Every structure is written in structure tokens, then in C-alpha cells.
Amino acid sequence: MIRRPLIAIVAFPFLISSAWSQAATRIRDAADAIGLNFGLATSANQVRDTTSTYAVDAKTQYNFAVCENDMKFDNTEGPIGTFKYTGGDGLSAFCVANKMKMRGHNFIWHSQSNTASGAVHDRTSGLTVMRNHITAVGGHFKDKILEWDVLNETQSAGTSSFWYKGIGADYTDSALAIARSVIGTSGYLYSNDYGADGVNSKSTAILTQAKKWQSSKVPIDGIGFQCHLGHGINKADISANIKRFGDIGLRVSLTEIDITQATTADWTALVGACVENWNCTSFVTWGLTDASSWIGSTCGCLLYNGNPPTPKNDMISAVLAALAAADPAVAAKRKAFIAIPPGSLGPNIDQVLQRPLAHRSAEVLFGASSVRIFSTPNGNAIDALGRNRALIPVSSNLPGLGILPQ
Ligand code: XIL
């Protein structure tokens with residue numbers, strides 16, 4: 001009777017400190033615990049000095065990274081046919097050293113792609129430029145990248161993109177098919193866009209497009225929502241949007257997050273919207289510190305400010321708390337979901353989870369019976385993967401008409 005209160009007095013402070021030591025103090029540990037990639041956009045240059053405050057913050061808090069610019073078309077191919085990978089290789093080395101996974105951003109975009117736009121004149125040249133770029137850059141990085149933005153802002157650009165004008169409306173299908181053929185099942189293929197973060201007409205159009213891709217067997221694994229947002233995050237709206245893509249078996253990544261003049265409540269809401277959905281696999285801030293944000297150094301939009309970066313401890317604590325509050329059952333389902341290899345995702349999640357090894361390859365997609373052929377002005381044909389296919393003419397008077405050799 002006398003000893004019990006004594007034990008309680010001695011043990012109580014110890015138990016408190018033990019409980020605290022179990023709660024993650026680094027964002028990346030809290031994210032790992034629930035199967036979430038928590039990333040930042042950065043560059044090899046910014047992390048070159050691995051002892052800098054910036055690099056230490058990046059590797060301490062994040063388990064995921066993306067090149068903010070270095071893997072874009074102009075930064076990897078210029079002039080056409082000449083490739084350089086130094087920026088991506090540099091960040092990849094940092095990520096490997098610090099056990100961080102990577103996104104690849106991006107293959108096909110209307111912006112920062114001047115070398116491409118100068119070389120795309122028509123369908124044939126467009127498919128050739130597309131195919132050569134994805135083959136080279138995708139081939140170089142494929143073992144290093146978990147999620148690829150094969151398409152960037154294509155829903156936003158609509159018919160105004162030079163890719164659309166050169167190749168036609170199905171250029172997005174071709175990019176995804178080429179990417180699958182190059183990358184195989186080493187990376188998840190994404191379409192990434194802005195202004196579609198909640199339920200609205202743009203995200204509904206993306207959902208319709210995604211269903212079309214699925215029904216026509218164009219390979220798509222995930223949708224990226226950029227999340228360039230402002231104060232006043234609507235958690236329910238963003239969560240409902242993520243969920244409806246999960247309903248058709250797709251991953252969702254929040255890919256370029258900045259929340260202008262964010263409060264702690266905004267970070268709590270956005271992290272919450274992601275973690276309450278098993279198909280929300282990745283949460284990426286578009287930069288480490290406001291000081292180097294593309295929005296401007298006074299944006300109040302990231303988790304650090306200044307350079308060297310100073311942590312915004314209240315925002316970071318809000319993120320940690322929201323990650324720690326995640327429902328363990330949802331986290332368990334996310335962990336099962338992310339174990340499904342790329343190329344396996346389909347319209348019905350229950351079926352998806354039951355057929356984890358059913359890969360789709362480009363050869364299957366565009367095998368003998370389903371090769372889609374486009375004729376070119378010189379009478380040759382080019383398939384959906386951009387390959388030249390010589391036709392056997394059916395009549396010497398009709399050079400554009402023919403059948404494919406088997
Ligand atoms: C931005 C970069 O942050 C800037 O440094 C660059 O000058 C322009 O591009 N949508 C995207 C990103 O998909 O690639 C853009 O990144 C921001 C908008």
C-alpha cells in the first residue's frame with residue numbers, strides 16, 4: 001500500500017518522456033509511419049553543400065524530393081538530340097545518400113520546353129521528338145524515380161499546347177504509352193495539373209479523361225494536383241476530390257504545394273485531406289523555404305523562411321500533429337496500396353488489390369491486334385509509340401493506304 005504511490009511518483013515523469021520520445025519529431029519519420037512520401041522541390045545546387053542548414057533541413061525532414069527545374073525539357077534536352085542529366089543526377093545522389101525517393105518532373109509540358117516546340121512541326125516530328133525525349137531521359141532516370149509527371153498541365157493547356165497542335169488530341173495517350181514502354185514498371189505514371197485540387201470542372205474533366213485512359217488501356221497510375229493554394233484551405237473539398245480518384249483505383253499526389261500566407265490551420269487541413277485518403281501517396285512542398293519560392297520570398301507559403309532557412313516551428317508542429325493523427329486503418333490500406341507495382345491500377349480498387357502482379361506493358365497495350373496506326377504524308381505510318389512502321393501498300397495508286405507487315 002505504501003509502495004504503490006511511490007512507484008507512481010518515480011515512474012510518471014519517465015513514462016511521459018518515454019511517450020514523447022516515441023512520437024516522431026522529424027516529419028519524414030511521421031510520414032514513413034503512415035506510408036506517405038513527404039517531399040520538397042529543390043535542386044542539386046541547393047543541396048551541394050551537404051553540411052549547409054538548407055541541406056540538413058532537407059534531409060532531416062523530407063523522405064522525398066523532386067527537381068524544381070532540372071529535369072524539365074529545356075534543362076535536359078537542348079539542342080534537340082543533345083541530352084544532359086547533371087542536375088537530376090546531382091539531386092539523385094543526394095537522395096540516395098539520404099534515403100529519399102524522387103519524383104520526376106516532367107516529360108511533356110507546353111512551358112520550359114522551347115527546344116521541343118521549335119522541333120515539333122507536325123504529327124510525325126511531334127511523335128519523334130516526344131519519343132526520343134522520353135526514351136533518353138526516362139531511360140536515364142528510370143531506376144531512380146518513383147513517380148513521373150509524364151504530362152504536366154495538359155488539361156489546363158487544352159488545344160493551345162504546341163504538342164496538341166503538332167500531334168493531335170491523342171498526344172497525351174502517346175506520351176503515356178511511350179513512357180510505359182520506356183520505364184516499364186519501375187515508376188508510376190502521372191498526369192499533373194493546377195487548379196484542380198478541389199472538386200471543380202477542371203478536376204471533373206481530369207476524372208473523365210482518366211476513365212477514358214483506363215477504358216482504352218492507356219497506362220495511367222496517378223494524378224498530381226499541384227496545390228498552389230492560399231490561406232483558407234477547404235479540407236473537405238480537397239479530400240472529396242482525392243477520394244473520387246481513389247474510387248477508380250488511382251494514386252493521388254499533391255505535387256507542388258505552397259499555401260500563400262498559410263496559418264497552422266491551413267497546414268493541418270491540407271495534410272489532413274491527404275492522410276484521410278488511402279490513395280493519397282505523396283505530399284510535396286514546392287520548395288523548402290519562402291526565401292527561394294517561385295511565388296516570392298514574402299509568400300508565407302512553405303515550412304521554412306529565410307536563407308539560411310529558419311524553421312516555422314508552429315507550422316511544422318501542425319504538420320507533425322496532423323500526420324500523427326492519421327487513422328491507422330487508412331495508413332494500413334495506403335501501405336497495401338503503395339505496394340502494388342506501377343501499371344497495375346484499374347477502375348475497381350477491390351479488384352486492384354486482388355491482382356497485384358498484373359502488369360500492363362506497352363507491348364500488351366499496343367500488341368498486334370490493337371496497334372493504332374497514323375499515316376504520314378510520305379505514305380509511311382507511325383504507331384502510337386512513335387515508331388515508323390512501313391506499310392505494304394494495297395495499291396500503287398494509293399500510297400497512303402496499306403496494311404501492316406505482321
Ligand atoms: C516553376 C519553378 O518553380 C520556377 O523556378 C520556374 O522559373 C518556373 O517553373 N507548375 C509547374 C512547375 O509544374 O514546374 C512550375 O515551377 C510552377 C508551376
# chains A, B, ... in the order shown; residues from 1 in each chain; ligands from 1

call {"tool": "residues_around", "arguments": {"residues": "Lys211 in chain A", "least_positions_apart": "2", "cutoff": "12 Å", "atoms": "only C-alpha atoms", "output": "MDAnalysis selection string"}}
result
chainID A and resid 204:209 213:223 244:250 345:348

call {"tool": "write_last_selection", "arguments": {"atoms": "N, CA and C atoms", "output": "PDB file, in the first residue's frame"}}
result
ATOM      1  N   THR A 204     -13.055  17.534 -62.620  1.00  0.00           N
ATOM      2  CA  THR A 204     -14.035  16.596 -63.185  1.00  0.00           C
ATOM      3  C   THR A 204     -13.627  16.206 -64.604  1.00  0.00           C
ATOM      4  N   ALA A 205     -13.119  17.171 -65.362  1.00  0.00           N
ATOM      5  CA  ALA A 205     -12.639  16.844 -66.719  1.00  0.00           C
ATOM      6  C   ALA A 205     -11.448  15.887 -66.641  1.00  0.00           C
ATOM      7  N   ILE A 206     -10.577  16.078 -65.655  1.00  0.00           N
ATOM      8  CA  ILE A 206      -9.429  15.166 -65.489  1.00  0.00           C
ATOM      9  C   ILE A 206      -9.924  13.761 -65.122  1.00  0.00           C
ATOM     10  N   LEU A 207     -10.945  13.696 -64.286  1.00  0.00           N
ATOM     11  CA  LEU A 207     -11.511  12.396 -63.907  1.00  0.00           C
ATOM     12  C   LEU A 207     -12.093  11.695 -65.139  1.00  0.00           C
ATOM     13  N   THR A 208     -12.801  12.448 -65.954  1.00  0.00           N
ATOM     14  CA  THR A 208     -13.374  11.875 -67.178  1.00  0.00           C
ATOM     15  C   THR A 208     -12.267  11.366 -68.093  1.00  0.00           C
ATOM     16  N   GLN A 209     -11.214  12.165 -68.230  1.00  0.00           N
ATOM     17  CA  GLN A 209     -10.075  11.764 -69.060  1.00  0.00           C
ATOM     18  C   GLN A 209      -9.406  10.508 -68.497  1.00  0.00           C
ATOM     19  N   TRP A 213      -8.762   6.972 -70.325  1.00  0.00           N
ATOM     20  CA  TRP A 213      -7.466   6.290 -70.431  1.00  0.00           C
ATOM     21  C   TRP A 213      -7.593   4.859 -69.947  1.00  0.00           C
ATOM     22  N   GLN A 214      -8.260   4.696 -68.826  1.00  0.00           N
ATOM     23  CA  GLN A 214      -8.381   3.335 -68.279  1.00  0.00           C
ATOM     24  C   GLN A 214      -9.149   2.426 -69.225  1.00  0.00           C
ATOM     25  N   SER A 215     -10.256   2.941 -69.788  1.00  0.00           N
ATOM     26  CA  SER A 215     -11.068   2.052 -70.615  1.00  0.00           C
ATOM     27  C   SER A 215     -10.380   1.763 -71.943  1.00  0.00           C
ATOM     28  N   SER A 216      -9.519   2.676 -72.405  1.00  0.00           N
ATOM     29  CA  SER A 216      -8.813   2.379 -73.661  1.00  0.00           C
ATOM     30  C   SER A 216      -7.412   1.828 -73.405  1.00  0.00           C
ATOM     31  N   LYS A 217      -7.148   1.478 -72.156  1.00  0.00           N
ATOM     32  CA  LYS A 217      -5.896   0.842 -71.742  1.00  0.00           C
ATOM     33  C   LYS A 217      -4.660   1.702 -71.992  1.00  0.00           C
ATOM     34  N   VAL A 218      -4.840   3.001 -71.933  1.00  0.00           N
ATOM     35  CA  VAL A 218      -3.673   3.902 -71.926  1.00  0.00           C
ATOM     36  C   VAL A 218      -3.139   3.883 -70.498  1.00  0.00           C
ATOM     37  N   PRO A 219      -1.842   3.659 -70.319  1.00  0.00           N
ATOM     38  CA  PRO A 219      -1.335   3.460 -68.954  1.00  0.00           C
ATOM     39  C   PRO A 219      -1.312   4.747 -68.118  1.00  0.00           C
ATOM     40  N   ILE A 220      -2.028   4.725 -67.022  1.00  0.00           N
ATOM     41  CA  ILE A 220      -2.045   5.860 -66.088  1.00  0.00           C
ATOM     42  C   ILE A 220      -2.111   5.277 -64.673  1.00  0.00           C
ATOM     43  N   ASP A 221      -1.230   5.740 -63.811  1.00  0.00           N
ATOM     44  CA  ASP A 221      -1.210   5.234 -62.432  1.00  0.00           C
ATOM     45  C   ASP A 221      -1.681   6.264 -61.417  1.00  0.00           C
ATOM     46  N   GLY A 222      -1.499   7.538 -61.739  1.00  0.00           N
ATOM     47  CA  GLY A 222      -1.803   8.531 -60.716  1.00  0.00           C
ATOM     48  C   GLY A 222      -2.077   9.902 -61.289  1.00  0.00           C
ATOM     49  N   ILE A 223      -2.677  10.728 -60.448  1.00  0.00           N
ATOM     50  CA  ILE A 223      -2.985  12.108 -60.818  1.00  0.00           C
ATOM     51  C   ILE A 223      -2.277  13.024 -59.821  1.00  0.00           C
ATOM     52  N   ARG A 244     -12.398  10.666 -55.006  1.00  0.00           N
ATOM     53  CA  ARG A 244     -13.059  10.171 -56.222  1.00  0.00           C
ATOM     54  C   ARG A 244     -12.056   9.598 -57.225  1.00  0.00           C
ATOM     55  N   PHE A 245     -10.790   9.977 -57.114  1.00  0.00           N
ATOM     56  CA  PHE A 245      -9.764   9.329 -57.943  1.00  0.00           C
ATOM     57  C   PHE A 245      -9.369   7.976 -57.340  1.00  0.00           C
ATOM     58  N   GLY A 246      -9.411   7.884 -56.030  1.00  0.00           N
ATOM     59  CA  GLY A 246      -9.201   6.583 -55.391  1.00  0.00           C
ATOM     60  C   GLY A 246     -10.298   5.596 -55.771  1.00  0.00           C
ATOM     61  N   ASP A 247     -11.495   6.111 -55.953  1.00  0.00           N
ATOM     62  CA  ASP A 247     -12.616   5.241 -56.324  1.00  0.00           C
ATOM     63  C   ASP A 247     -12.393   4.563 -57.673  1.00  0.00           C
ATOM     64  N   ILE A 248     -11.557   5.150 -58.534  1.00  0.00           N
ATOM     65  CA  ILE A 248     -11.238   4.463 -59.794  1.00  0.00           C
ATOM     66  C   ILE A 248      -9.810   3.877 -59.739  1.00  0.00           C
ATOM     67  N   GLY A 249      -9.292   3.715 -58.535  1.00  0.00           N
ATOM     68  CA  GLY A 249      -8.042   2.968 -58.356  1.00  0.00           C
ATOM     69  C   GLY A 249      -6.781   3.762 -58.598  1.00  0.00           C
ATOM     70  N   LEU A 250      -6.873   5.075 -58.657  1.00  0.00           N
ATOM     71  CA  LEU A 250      -5.681   5.866 -58.974  1.00  0.00           C
ATOM     72  C   LEU A 250      -5.028   6.459 -57.734  1.00  0.00           C
ATOM     73  N   LEU A 345      -2.854  -0.546 -61.895  1.00  0.00           N
ATOM     74  CA  LEU A 345      -4.037   0.102 -61.337  1.00  0.00           C
ATOM     75  C   LEU A 345      -5.218   0.036 -62.290  1.00  0.00           C
ATOM     76  N   GLY A 346      -6.370  -0.139 -61.731  1.00  0.00           N
ATOM     77  CA  GLY A 346      -7.557  -0.285 -62.558  1.00  0.00           C
ATOM     78  C   GLY A 346      -8.741   0.418 -61.946  1.00  0.00           C
ATOM     79  N   PRO A 347      -9.904   0.245 -62.543  1.00  0.00           N
ATOM     80  CA  PRO A 347     -11.068   1.010 -62.139  1.00  0.00           C
ATOM     81  C   PRO A 347     -11.699   0.576 -60.823  1.00  0.00           C
ATOM     82  N   ASN A 348     -11.384  -0.600 -60.355  1.00  0.00           N
ATOM     83  CA  ASN A 348     -12.061  -1.061 -59.147  1.00  0.00           C
ATOM     84  C   ASN A 348     -11.021  -1.457 -58.111  1.00  0.00           C
TER      85      ASN A 348
END

call {"tool": "residues_near_ligand", "arguments": {"ligand": "ligand 1", "cutoff": "9 Å", "atoms": "only C-alpha atoms and all ligand atoms", "output": "PDB file with N, CA and C atoms, in the first residue's frame"}}
result
ATOM      1  N   ALA A  41      10.513  20.277 -53.466  1.00  0.00           N
ATOM      2  CA  ALA A  41      11.154  20.609 -54.736  1.00  0.00           C
ATOM      3  C   ALA A  41      12.443  21.347 -54.429  1.00  0.00           C
ATOM      4  N   THR A  42      13.516  20.941 -55.101  1.00  0.00           N
ATOM      5  CA  THR A  42      14.802  21.569 -54.829  1.00  0.00           C
ATOM      6  C   THR A  42      15.721  21.329 -56.025  1.00  0.00           C
ATOM      7  N   CYS A  67      13.169  17.572 -58.647  1.00  0.00           N
ATOM      8  CA  CYS A  67      13.886  18.719 -59.202  1.00  0.00           C
ATOM      9  C   CYS A  67      12.874  19.810 -59.538  1.00  0.00           C
ATOM     10  N   GLU A  68      13.106  21.001 -59.011  1.00  0.00           N
ATOM     11  CA  GLU A  68      12.171  22.096 -59.306  1.00  0.00           C
ATOM     12  C   GLU A  68      12.225  22.459 -60.790  1.00  0.00           C
ATOM     13  N   ASN A  69      13.409  22.391 -61.387  1.00  0.00           N
ATOM     14  CA  ASN A  69      13.547  22.734 -62.807  1.00  0.00           C
ATOM     15  C   ASN A  69      14.419  21.772 -63.607  1.00  0.00           C
ATOM     16  N   LYS A  72      13.231  19.273 -66.465  1.00  0.00           N
ATOM     17  CA  LYS A  72      12.294  19.745 -67.492  1.00  0.00           C
ATOM     18  C   LYS A  72      12.941  19.642 -68.872  1.00  0.00           C
ATOM     19  N   HIS A 105       9.935  15.265 -62.824  1.00  0.00           N
ATOM     20  CA  HIS A 105       9.084  16.383 -63.287  1.00  0.00           C
ATOM     21  C   HIS A 105       9.816  17.118 -64.385  1.00  0.00           C
ATOM     22  N   ASN A 106       9.412  17.132 -65.599  1.00  0.00           N
ATOM     23  CA  ASN A 106       8.341  16.374 -66.211  1.00  0.00           C
ATOM     24  C   ASN A 106       8.728  16.123 -67.667  1.00  0.00           C
ATOM     25  N   TRP A 109       5.174  19.065 -71.448  1.00  0.00           N
ATOM     26  CA  TRP A 109       4.595  20.311 -70.932  1.00  0.00           C
ATOM     27  C   TRP A 109       4.693  21.339 -72.052  1.00  0.00           C
ATOM     28  N   SER A 111       5.433  24.439 -71.412  1.00  0.00           N
ATOM     29  CA  SER A 111       6.301  25.505 -70.909  1.00  0.00           C
ATOM     30  C   SER A 111       7.706  24.954 -70.629  1.00  0.00           C
ATOM     31  N   GLN A 112       8.687  25.843 -70.579  1.00  0.00           N
ATOM     32  CA  GLN A 112      10.078  25.436 -70.363  1.00  0.00           C
ATOM     33  C   GLN A 112      10.456  24.267 -71.290  1.00  0.00           C
ATOM     34  N   ASP A 149       5.848  12.701 -63.647  1.00  0.00           N
ATOM     35  CA  ASP A 149       4.868  13.573 -64.293  1.00  0.00           C
ATOM     36  C   ASP A 149       5.099  13.452 -65.793  1.00  0.00           C
ATOM     37  N   ASN A 152       2.253  17.332 -67.909  1.00  0.00           N
ATOM     38  CA  ASN A 152       2.146  18.454 -66.986  1.00  0.00           C
ATOM     39  C   ASN A 152       1.230  19.514 -67.578  1.00  0.00           C
ATOM     40  N   GLU A 153       0.183  19.825 -66.846  1.00  0.00           N
ATOM     41  CA  GLU A 153      -0.739  20.920 -67.209  1.00  0.00           C
ATOM     42  C   GLU A 153      -1.381  20.715 -68.571  1.00  0.00           C
ATOM     43  N   ASN A 192      -0.309  15.615 -64.238  1.00  0.00           N
ATOM     44  CA  ASN A 192      -0.212  16.596 -63.151  1.00  0.00           C
ATOM     45  C   ASN A 192      -0.812  17.920 -63.631  1.00  0.00           C
ATOM     46  N   ASP A 193      -1.588  18.567 -62.767  1.00  0.00           N
ATOM     47  CA  ASP A 193      -2.176  19.836 -63.233  1.00  0.00           C
ATOM     48  C   ASP A 193      -2.468  20.767 -62.060  1.00  0.00           C
ATOM     49  N   TYR A 194      -2.752  22.011 -62.390  1.00  0.00           N
ATOM     50  CA  TYR A 194      -3.055  23.002 -61.348  1.00  0.00           C
ATOM     51  C   TYR A 194      -4.544  23.380 -61.400  1.00  0.00           C
ATOM     52  N   GLN A 226      -1.354  20.058 -58.178  1.00  0.00           N
ATOM     53  CA  GLN A 226      -0.214  20.897 -57.809  1.00  0.00           C
ATOM     54  C   GLN A 226      -0.403  21.590 -56.457  1.00  0.00           C
ATOM     55  N   HIS A 228      -1.109  24.843 -55.648  1.00  0.00           N
ATOM     56  CA  HIS A 228      -0.657  26.217 -55.416  1.00  0.00           C
ATOM     57  C   HIS A 228      -1.864  26.937 -54.823  1.00  0.00           C
ATOM     58  N   THR A 255       1.465  17.691 -55.449  1.00  0.00           N
ATOM     59  CA  THR A 255       2.808  17.707 -56.025  1.00  0.00           C
ATOM     60  C   THR A 255       3.603  19.001 -55.891  1.00  0.00           C
ATOM     61  N   GLU A 256       2.929  20.146 -55.735  1.00  0.00           N
ATOM     62  CA  GLU A 256       3.683  21.415 -55.759  1.00  0.00           C
ATOM     63  C   GLU A 256       3.111  22.379 -54.723  1.00  0.00           C
ATOM     64  N   TRP A 286       6.523  22.882 -52.663  1.00  0.00           N
ATOM     65  CA  TRP A 286       7.265  23.388 -53.835  1.00  0.00           C
ATOM     66  C   TRP A 286       8.373  24.330 -53.359  1.00  0.00           C
ATOM     67  N   GLY A 287       9.365  23.705 -52.726  1.00  0.00           N
ATOM     68  CA  GLY A 287      10.493  24.431 -52.163  1.00  0.00           C
ATOM     69  C   GLY A 287      10.619  24.121 -50.688  1.00  0.00           C
ATOM     70  N   SER A 292      13.356  31.093 -51.322  1.00  0.00           N
ATOM     71  CA  SER A 292      13.596  30.727 -52.724  1.00  0.00           C
ATOM     72  C   SER A 292      12.330  30.233 -53.419  1.00  0.00           C
ATOM     73  N   SER A 293      11.175  30.587 -52.873  1.00  0.00           N
ATOM     74  CA  SER A 293       9.925  30.161 -53.523  1.00  0.00           C
ATOM     75  C   SER A 293       9.703  30.918 -54.825  1.00  0.00           C
ATOM     76  N   TRP A 294       9.165  30.230 -55.814  1.00  0.00           N
ATOM     77  CA  TRP A 294       8.853  30.873 -57.100  1.00  0.00           C
ATOM     78  C   TRP A 294       7.763  31.928 -56.948  1.00  0.00           C
ATOM     79  N   ILE A 295       7.008  31.870 -55.824  1.00  0.00           N
ATOM     80  CA  ILE A 295       5.936  32.853 -55.592  1.00  0.00           C
ATOM     81  C   ILE A 295       6.523  34.160 -55.060  1.00  0.00           C
TER      82      ILE A 295
END

call {"tool": "closest_residue", "arguments": {"among": "A:Arg26, A:Ser43, A:Asn279, A:Ala240", "to": "Ile340 in chain A", "atoms": "only C-alpha atoms"}}
result
A:Asn279

call {"tool": "closest_residue", "arguments": {"among": "A:Tyr85, A:Trp267, A:Phe337, A:Phe73", "to": "Met130 in chain A", "atoms": "only C-alpha atoms"}}
result
A:Phe73

call {"tool": "residues_around", "arguments": {"residues": "Cys301 in chain A", "least_positions_apart": "5", "cutoff": "9 Å", "atoms": "only C-alpha atoms", "output": "MDAnalysis selection string"}}
result
chainID A and resid 229:231 257:262 289:290 293 295

call {"tool": "closest_residue", "arguments": {"among": "A:Met71, A:Ala44, A:Ile134, A:Val182", "to": "Ser92 in chain A", "atoms": "only C-alpha atoms"}}
result
A:Ala44

call {"tool": "residues_around", "arguments": {"residues": "Ser113 in chain A", "least_positions_apart": "2", "cutoff": "10 Å", "atoms": "only C-alpha atoms", "output": "short mmCIF file (atom, residue, chain, number, x, y, z; two decimals) with N, CA and C atoms, in the first residue's frame"}}
result
data_model
loop_
_atom_site.label_atom_id
_atom_site.label_comp_id
_atom_site.auth_asym_id
_atom_site.auth_seq_id
_atom_site.Cartn_x
_atom_site.Cartn_y
_atom_site.Cartn_z
N LYS A 72 13.23 19.27 -66.47
CA LYS A 72 12.29 19.74 -67.49
C LYS A 72 12.94 19.64 -68.87
N PHE A 73 12.12 19.77 -69.91
CA PHE A 73 12.61 19.53 -71.27
C PHE A 73 13.83 20.41 -71.59
N ASP A 74 13.68 21.73 -71.39
CA ASP A 74 14.80 22.62 -71.77
C ASP A 74 16.07 22.33 -70.98
N ASN A 75 15.91 21.83 -69.76
CA ASN A 75 17.08 21.57 -68.93
C ASN A 75 17.74 20.22 -69.21
N THR A 76 17.03 19.35 -69.93
CA THR A 76 17.60 18.03 -70.21
C THR A 76 17.92 17.81 -71.68
N GLU A 77 17.25 18.55 -72.57
CA GLU A 77 17.50 18.33 -73.99
C GLU A 77 17.62 19.66 -74.71
N GLY A 78 18.79 19.99 -75.09
CA GLY A 78 18.99 21.23 -75.85
C GLY A 78 20.42 21.31 -76.33
N PHE A 107 8.00 15.28 -68.37
CA PHE A 107 8.31 15.00 -69.77
C PHE A 107 7.62 15.96 -70.73
N ILE A 108 6.30 16.04 -70.65
CA ILE A 108 5.53 16.71 -71.70
C ILE A 108 4.75 17.88 -71.11
N TRP A 109 5.17 19.06 -71.45
CA TRP A 109 4.59 20.31 -70.93
C TRP A 109 4.69 21.34 -72.05
N HIS A 110 3.86 22.36 -72.01
CA HIS A 110 3.94 23.40 -73.04
C HIS A 110 4.97 24.46 -72.66
N SER A 111 5.43 24.44 -71.41
CA SER A 111 6.30 25.50 -70.91
C SER A 111 7.71 24.95 -70.63
N THR A 115 13.09 24.00 -76.74
CA THR A 115 13.77 23.19 -77.76
C THR A 115 12.78 22.23 -78.41
N ALA A 116 11.81 21.76 -77.64
CA ALA A 116 10.80 20.86 -78.21
C ALA A 116 9.88 21.64 -79.15
N SER A 117 9.39 22.78 -78.70
CA SER A 117 8.40 23.48 -79.53
C SER A 117 9.01 23.90 -80.86
N GLY A 118 10.32 24.15 -80.87
CA GLY A 118 10.97 24.51 -82.12
C GLY A 118 11.13 23.34 -83.08
N PHE A 162 1.66 23.35 -77.94
CA PHE A 162 2.29 23.00 -79.24
C PHE A 162 2.27 21.50 -79.46
#

call {"tool": "select_by_dssp", "arguments": {"residues": "range 198-307 of chain A", "states": "helix (DSSP H, G or I)", "output": "ChimeraX atom specification"}}
result
/A:201-215,235-246,264-275,290-292

call {"tool": "residues_around", "arguments": {"residues": "Arg334 in chain A", "least_positions_apart": "5", "cutoff": "9 Å", "atoms": "only C-alpha atoms", "output": "PyMOL selection string"}}
result
chain A and resi 34-36+277-281+329+339

call {"tool": "atom_distance", "arguments": {"atom1": "CA of Pro308 in chain A", "atom2": "CA of Tyr62 in chain A"}}
result
17.1 Å

call {"tool": "atom_distance", "arguments": {"atom1": "CA of Ala24 in chain A", "atom2": "CA of Val66 in chain A"}}
result
23.5 Å

call {"tool": "atom_distance", "arguments": {"atom1": "CA of Val271 in chain A", "atom2": "CA of Lys144 in chain A"}}
result
25.9 Å

call {"tool": "select_by_dssp", "arguments": {"residues": "range 203-284 of chain A", "states": "strand (DSSP E or B)", "output": "ChimeraX atom specification"}}
result
/A:222-225,228-230,251-260,280-284

call {"tool": "closest_atom_pairs", "arguments": {"of": "range 275-320 of chain A", "to": "range 54-59 of chain A", "cutoff": "8 Å", "atoms": "only C-alpha atoms", "output": "CSV"}}
result
residue,atom,partner,partner_atom,distance
A:Leu288,CA,A:Ala58,CA,7.1
A:Asn307,CA,A:Tyr54,CA,7.9
A:Pro308,CA,A:Tyr54,CA,6.3
A:Pro309,CA,A:Tyr54,CA,6.0

call {"tool": "write_last_selection", "arguments": {"atoms": "C-alpha atoms", "output": "CSV table (one decimal), in the first residue's frame"}}
result
chain,number,residue,atom,x,y,z
A,288,LEU,CA,12.0,24.3,-48.7
A,307,ASN,CA,18.2,31.8,-46.1
A,308,PRO,CA,19.8,30.0,-44.3
A,309,PRO,CA,16.4,28.6,-43.6

call {"tool": "residues_around", "arguments": {"residues": "Gln61 in chain A", "least_positions_apart": "6", "cutoff": "9 Å", "atoms": "only C-alpha atoms", "output": "list in words"}}
result
Thr25, Arg26, Ile27, Arg28, Asp29, Phe38 and Gly39 of chain A

call {"tool": "write_last_selection", "arguments": {"atoms": "C-alpha atoms", "output": "PDB file, in the first residue's frame"}}
result
ATOM      1  CA  THR A  25       9.935  14.705 -34.162  1.00  0.00           C
ATOM      2  CA  ARG A  26      11.020  14.613 -37.795  1.00  0.00           C
ATOM      3  CA  ILE A  27       8.337  14.952 -40.453  1.00  0.00           C
ATOM      4  CA  ARG A  28       9.884  12.183 -42.542  1.00  0.00           C
ATOM      5  CA  ASP A  29       9.573   9.664 -39.702  1.00  0.00           C
ATOM      6  CA  PHE A  38       6.701  13.808 -47.881  1.00  0.00           C
ATOM      7  CA  GLY A  39       8.774  15.776 -50.343  1.00  0.00           C
TER       8      GLY A  39
END
